[in-house]
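*Asks:* For reference, the structure I am asking about is given below.
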Amino acid sequence: MSILEVNQLKKIYSTRFGGNQVEALTDVNFSVEEGEYIAIMGESGSGKTTLLNILAALDRPTSGNVVLDGKNISKIGESKMANFRRKNIGFVFQDFNLLDTFTLEDNIFLPLVLSGKKYRDMKGRLNPIAKELRIEDILKKYPYEVSGGQKQRAAVARAIITDPKLVFADEPTGALDSKSADELLRLFAKINRLGQTILMVTHSVKSASFASRVLFIRDGKIFHQIYKGNDTDLRFYEKISDTITLLASGGEM
């Protein structure tokens with residue numbers, strides 16, 4: 001069952017003084033099945049961040065539509081958009097986006113607080129997640145008191161505590177050391193096995209090798225995709241690397 005459908009998506013930006021237009025996305029079409037783990041890869045300027053922002057309802061397309069769980073998010077009014085995002089979308093950012101004046105626990109609770117949930121309900125949701133992510137002992141600490149890996153696990157907890165339809169991740173390992181990055185990737189894989197649908201933008205071949213499918217974007221278009229199938233992480237890593245090499249050389253698939 002498709003949880004996300006992207007149809008004929010186009011995004012055109014006007015330059016600062018309106019003299020020129022830049023087409024960031026051109027006729028993008030794909031779907032995401034419930035429970036999939038998808039990575040989107042492409043060179044800088046390829047359009048992948050623009051695509052992620054539109055899929056996460058942080059930006060609007062020039063034309064085309066994005067349908068999340070049967071709802072065309074392009075037609076949701078601004079007054080209802082924030083509530084829609086809180087209920088349906090989780091987001092993990094490269095730089096964590098945690099508030100330093102809040103404890104990790106309060107940062108994680110924030111989307112539930114904004115949705116009007118009671119403390120007892122919030123605590124009940126957090127306990128199993130905190131145990132799974134191994135952050136029970138640091139919930140009362142502030143972001144500046146913990147490591148980058150611990151911050152990112154708290155950010156993941158915040159993203160999934162609302163039980164979203166889809167979790168978006170923007171370069172989630174970009175600010176982590178290699179050990180913390182490996183731990184986060186294993187964590188994402190585990191969350192996905194438990195049924196969470198994940199869509200991640202990344203430059204990292206290693207990060208992408210944990211996904212079940214990789215979409216490659218070039219010049220604002222999805223030009224190729226590969227599936228992991230029964231491949232090991234290492235074999236899938238090699239396939240992704242080969243595709244990127246061909247992409248860099250301007251070759252056709």
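Ordered as shown in the structure tokens, chains take letters A, B, and onward, while each chain numbers its residues from 1 and ligands are numbered from 1 in the order shown.
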Could you give me, as JSON lines, a per-residue list for region 58-132 of chain A showing, wherever an atom lies at most 12 Å from an atom of region 141-156 of chain A, the closest pair of atoms and their distance in Å to one decimal, using only C-alpha atoms and sorting by chain then residue number from low to high?

*Replies:*
```
{"residue": "A:Gly90", "atom": "CA", "partner": "A:Val156", "partner_atom": "CA", "distance": 8.4}
{"residue": "A:Phe91", "atom": "CA", "partner": "A:Val156", "partner_atom": "CA", "distance": 7.9}
{"residue": "A:Val92", "atom": "CA", "partner": "A:Val156", "partner_atom": "CA", "distance": 6.1}
{"residue": "A:Phe93", "atom": "CA", "partner": "A:Ala155", "partner_atom": "CA", "distance": 7.8}
{"residue": "A:Gln94", "atom": "CA", "partner": "A:Gln152", "partner_atom": "CA", "distance": 8.4}
{"residue": "A:Asp95", "atom": "CA", "partner": "A:Gln152", "partner_atom": "CA", "distance": 8.3}
{"residue": "A:Phe96", "atom": "CA", "partner": "A:Gln152", "partner_atom": "CA", "distance": 5.8}
{"residue": "A:Asn97", "atom": "CA", "partner": "A:Ala155", "partner_atom": "CA", "distance": 7.6}
{"residue": "A:Leu98", "atom": "CA", "partner": "A:Pro143", "partner_atom": "CA", "distance": 6.9}
{"residue": "A:Leu99", "atom": "CA", "partner": "A:Pro143", "partner_atom": "CA", "distance": 7.4}
{"residue": "A:Asp100", "atom": "CA", "partner": "A:Pro143", "partner_atom": "CA", "distance": 5.6}
{"residue": "A:Thr101", "atom": "CA", "partner": "A:Tyr142", "partner_atom": "CA", "distance": 7.2}
{"residue": "A:Phe102", "atom": "CA", "partner": "A:Tyr142", "partner_atom": "CA", "distance": 6.3}
{"residue": "A:Thr103", "atom": "CA", "partner": "A:Tyr142", "partner_atom": "CA", "distance": 4.4}
{"residue": "A:Leu104", "atom": "CA", "partner": "A:Tyr142", "partner_atom": "CA", "distance": 5.7}
{"residue": "A:Glu105", "atom": "CA", "partner": "A:Lys141", "partner_atom": "CA", "distance": 8.0}
{"residue": "A:Asp106", "atom": "CA", "partner": "A:Tyr142", "partner_atom": "CA", "distance": 9.3}
{"residue": "A:Asn107", "atom": "CA", "partner": "A:Ala154", "partner_atom": "CA", "distance": 8.0}
{"residue": "A:Ile108", "atom": "CA", "partner": "A:Ala154", "partner_atom": "CA", "distance": 6.6}
{"residue": "A:Phe109", "atom": "CA", "partner": "A:Ala154", "partner_atom": "CA", "distance": 10.4}
{"residue": "A:Leu110", "atom": "CA", "partner": "A:Ala155", "partner_atom": "CA", "distance": 11.1}
{"residue": "A:Pro111", "atom": "CA", "partner": "A:Ala155", "partner_atom": "CA", "distance": 11.6}
{"residue": "A:Leu126", "atom": "CA", "partner": "A:Ala154", "partner_atom": "CA", "distance": 10.6}
{"residue": "A:Ile129", "atom": "CA", "partner": "A:Val156", "partner_atom": "CA", "distance": 9.5}
{"residue": "A:Ala130", "atom": "CA", "partner": "A:Ala154", "partner_atom": "CA", "distance": 8.2}
{"residue": "A:Lys131", "atom": "CA", "partner": "A:Arg153", "partner_atom": "CA", "distance": 11.1}
{"residue": "A:Glu132", "atom": "CA", "partner": "A:Arg153", "partner_atom": "CA", "distance": 10.0}
```

*Asks:* Report as a compact mmCIF listing (two decimals) with all heavy atoms, in the first residue's frame all protein, DNA and RNA residues lying within 12 Å of Lys11 (chain A), evaluated on only C-alpha atoms, omitting residues in the same chain fewer than 6 positions from it.

*Replies:*
```
# COMPACT_ATOMS: atom_id res chain seq x y z
N GLN A 21 14.68 32.57 -13.65
CA GLN A 21 14.00 31.50 -12.95
C GLN A 21 14.87 30.25 -12.97
O GLN A 21 15.52 29.95 -13.97
CB GLN A 21 12.64 31.19 -13.58
CG GLN A 21 11.62 32.31 -13.39
CD GLN A 21 10.24 31.91 -13.87
OE1 GLN A 21 10.09 31.13 -14.81
NE2 GLN A 21 9.22 32.42 -13.21
N VAL A 22 14.86 29.54 -11.85
CA VAL A 22 15.62 28.30 -11.71
C VAL A 22 14.66 27.16 -11.47
O VAL A 22 13.85 27.21 -10.53
CB VAL A 22 16.63 28.39 -10.54
CG1 VAL A 22 17.36 27.07 -10.37
CG2 VAL A 22 17.62 29.52 -10.77
N GLU A 23 14.71 26.17 -12.32
CA GLU A 23 13.83 25.01 -12.17
C GLU A 23 14.55 23.96 -11.33
O GLU A 23 15.43 23.24 -11.81
CB GLU A 23 13.44 24.44 -13.54
CG GLU A 23 12.31 23.43 -13.46
CD GLU A 23 11.69 23.15 -14.81
OE1 GLU A 23 11.47 24.11 -15.59
OE2 GLU A 23 11.41 21.97 -15.08
N ALA A 24 14.18 23.89 -10.05
CA ALA A 24 14.86 22.98 -9.12
C ALA A 24 14.38 21.55 -9.26
O ALA A 24 15.15 20.61 -9.06
CB ALA A 24 14.65 23.46 -7.69
N LEU A 25 13.11 21.37 -9.58
CA LEU A 25 12.53 20.03 -9.79
C LEU A 25 11.74 20.02 -11.08
O LEU A 25 11.03 20.99 -11.39
CB LEU A 25 11.61 19.65 -8.62
CG LEU A 25 12.24 19.52 -7.23
CD1 LEU A 25 11.17 19.24 -6.19
CD2 LEU A 25 13.31 18.42 -7.20
N THR A 26 11.84 18.91 -11.82
CA THR A 26 11.16 18.80 -13.10
C THR A 26 10.46 17.46 -13.22
O THR A 26 11.12 16.42 -13.32
CB THR A 26 12.17 18.93 -14.26
OG1 THR A 26 12.90 20.16 -14.12
CG2 THR A 26 11.47 18.92 -15.60
N ASP A 27 9.14 17.45 -13.16
CA ASP A 27 8.34 16.24 -13.39
C ASP A 27 8.82 15.05 -12.57
O ASP A 27 9.19 14.00 -13.11
CB ASP A 27 8.34 15.90 -14.89
CG ASP A 27 7.26 14.87 -15.25
OD1 ASP A 27 6.22 14.85 -14.58
OD2 ASP A 27 7.48 14.10 -16.21
N VAL A 28 8.84 15.21 -11.26
CA VAL A 28 9.26 14.13 -10.36
C VAL A 28 8.06 13.25 -10.03
O VAL A 28 7.01 13.73 -9.60
CB VAL A 28 9.86 14.71 -9.07
CG1 VAL A 28 10.16 13.60 -8.06
CG2 VAL A 28 11.12 15.51 -9.38
N GLY A 47 18.66 18.96 -6.42
CA GLY A 47 17.25 19.15 -6.10
C GLY A 47 16.74 18.29 -4.97
O GLY A 47 15.56 18.37 -4.60
N LYS A 48 17.61 17.51 -4.34
CA LYS A 48 17.13 16.56 -3.32
C LYS A 48 16.63 17.25 -2.05
O LYS A 48 15.63 16.83 -1.47
CB LYS A 48 18.20 15.53 -2.98
CG LYS A 48 19.50 16.05 -2.42
CD LYS A 48 20.50 14.92 -2.24
CE LYS A 48 21.77 15.42 -1.60
NZ LYS A 48 22.46 16.45 -2.41
N THR A 49 17.28 18.34 -1.64
CA THR A 49 16.79 19.05 -0.45
C THR A 49 15.48 19.76 -0.74
O THR A 49 14.57 19.77 0.10
CB THR A 49 17.85 20.05 0.03
OG1 THR A 49 19.05 19.34 0.39
CG2 THR A 49 17.35 20.82 1.25
N THR A 50 15.36 20.34 -1.93
CA THR A 50 14.09 20.95 -2.34
C THR A 50 12.98 19.92 -2.32
O THR A 50 11.87 20.17 -1.82
CB THR A 50 14.21 21.55 -3.75
OG1 THR A 50 15.20 22.58 -3.75
CG2 THR A 50 12.88 22.13 -4.21
N LEU A 51 13.27 18.74 -2.85
CA LEU A 51 12.29 17.66 -2.86
C LEU A 51 11.88 17.28 -1.45
O LEU A 51 10.69 17.16 -1.14
CB LEU A 51 12.86 16.45 -3.60
CG LEU A 51 11.99 15.19 -3.63
CD1 LEU A 51 10.65 15.47 -4.29
CD2 LEU A 51 12.71 14.05 -4.33
N LEU A 52 12.85 17.11 -0.57
CA LEU A 52 12.55 16.73 0.81
C LEU A 52 11.67 17.78 1.49
O LEU A 52 10.70 17.44 2.19
CB LEU A 52 13.84 16.54 1.60
CG LEU A 52 13.68 16.04 3.04
CD1 LEU A 52 13.14 14.62 3.06
CD2 LEU A 52 14.99 16.12 3.80
N ASN A 53 11.98 19.05 1.29
CA ASN A 53 11.20 20.11 1.92
C ASN A 53 9.75 20.12 1.44
O ASN A 53 8.83 20.38 2.22
CB ASN A 53 11.84 21.47 1.64
CG ASN A 53 13.12 21.68 2.43
OD1 ASN A 53 13.34 21.04 3.46
ND2 ASN A 53 13.97 22.57 1.96
N ILE A 54 9.54 19.82 0.17
CA ILE A 54 8.17 19.77 -0.36
C ILE A 54 7.44 18.55 0.18
O ILE A 54 6.27 18.64 0.59
CB ILE A 54 8.19 19.77 -1.90
CG1 ILE A 54 8.66 21.14 -2.41
CG2 ILE A 54 6.80 19.46 -2.45
CD1 ILE A 54 8.84 21.21 -3.91
N LEU A 55 8.12 17.40 0.23
CA LEU A 55 7.48 16.19 0.74
C LEU A 55 7.10 16.33 2.21
O LEU A 55 6.09 15.79 2.65
CB LEU A 55 8.42 14.99 0.57
CG LEU A 55 8.84 14.63 -0.86
CD1 LEU A 55 9.72 13.38 -0.85
CD2 LEU A 55 7.62 14.42 -1.75
N ASP A 59 7.64 23.32 2.17
CA ASP A 59 7.64 24.18 1.00
C ASP A 59 6.51 23.73 0.09
O ASP A 59 5.99 22.62 0.23
CB ASP A 59 9.00 24.10 0.28
CG ASP A 59 9.22 25.23 -0.73
OD1 ASP A 59 8.34 26.11 -0.83
OD2 ASP A 59 10.26 25.23 -1.40
N ARG A 60 6.13 24.58 -0.84
CA ARG A 60 5.04 24.26 -1.77
C ARG A 60 5.60 24.07 -3.18
O ARG A 60 6.49 24.79 -3.60
CB ARG A 60 4.02 25.41 -1.81
CG ARG A 60 3.36 25.71 -0.46
CD ARG A 60 2.11 24.91 -0.27
NE ARG A 60 1.37 25.33 0.92
CZ ARG A 60 0.20 24.82 1.28
NH1 ARG A 60 -0.37 23.90 0.52
NH2 ARG A 60 -0.40 25.22 2.37
N PRO A 61 5.06 23.10 -3.92
CA PRO A 61 5.51 22.93 -5.31
C PRO A 61 4.92 24.00 -6.21
O PRO A 61 3.88 24.59 -5.90
CB PRO A 61 4.98 21.55 -5.66
CG PRO A 61 3.73 21.41 -4.85
CD PRO A 61 4.03 22.11 -3.55
N THR A 62 5.56 24.24 -7.33
CA THR A 62 5.00 25.13 -8.34
C THR A 62 3.83 24.46 -9.04
O THR A 62 2.81 25.10 -9.34
CB THR A 62 6.09 25.51 -9.36
OG1 THR A 62 7.17 26.13 -8.68
CG2 THR A 62 5.54 26.47 -10.42
N SER A 63 3.97 23.16 -9.28
CA SER A 63 2.87 22.37 -9.84
C SER A 63 3.07 20.92 -9.45
O SER A 63 4.12 20.53 -8.93
CB SER A 63 2.81 22.51 -11.37
OG SER A 63 3.99 22.02 -11.97
N GLY A 64 2.06 20.09 -9.72
CA GLY A 64 2.09 18.71 -9.29
C GLY A 64 1.54 18.59 -7.88
O GLY A 64 1.13 19.58 -7.25
N ASN A 65 1.52 17.38 -7.35
CA ASN A 65 0.99 17.20 -6.00
C ASN A 65 1.68 16.08 -5.25
O ASN A 65 2.31 15.19 -5.84
CB ASN A 65 -0.53 16.97 -6.04
CG ASN A 65 -0.91 15.78 -6.91
OD1 ASN A 65 -0.65 14.64 -6.55
ND2 ASN A 65 -1.51 16.04 -8.06
N ASP A 219 19.73 16.88 -11.84
CA ASP A 219 19.11 18.00 -12.56
C ASP A 219 17.61 18.08 -12.31
O ASP A 219 16.82 18.34 -13.21
CB ASP A 219 19.38 17.88 -14.06
CG ASP A 219 20.86 17.91 -14.39
OD1 ASP A 219 21.61 18.59 -13.66
OD2 ASP A 219 21.27 17.26 -15.37
N GLY A 220 17.21 17.82 -11.06
CA GLY A 220 15.81 17.97 -10.68
C GLY A 220 14.90 16.83 -11.09
O GLY A 220 13.68 16.95 -10.99
N LYS A 221 15.49 15.71 -11.54
CA LYS A 221 14.68 14.57 -11.97
C LYS A 221 15.17 13.29 -11.31
O LYS A 221 16.36 13.12 -11.07
CB LYS A 221 14.76 14.38 -13.49
CG LYS A 221 14.24 15.54 -14.31
CD LYS A 221 14.40 15.24 -15.80
CE LYS A 221 13.87 16.39 -16.66
NZ LYS A 221 14.04 16.11 -18.11
```

*Asks:* Env of Arg86 (chain A): 8 Å cut, atoms = only C-alpha atoms, seq-sep filter 6 positions within chain, self excluded. Answer as a ChimeraX atom specification.

*Replies:* /A:111,115,162,164

*Asks:* Given only C-alpha atoms as the basis, pick out the residue of A:Ala39, A:Gly116, A:Lys71, A:Ile191 nearest to Val205 (chain A).

*Replies:* A:Ala39

*Asks:* Quote the spacing between CA of Ser31 (chain A) and CA of Thr197 (chain A) in Å to one decimal place.

*Replies:*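 So the answer is 12.2 Å.
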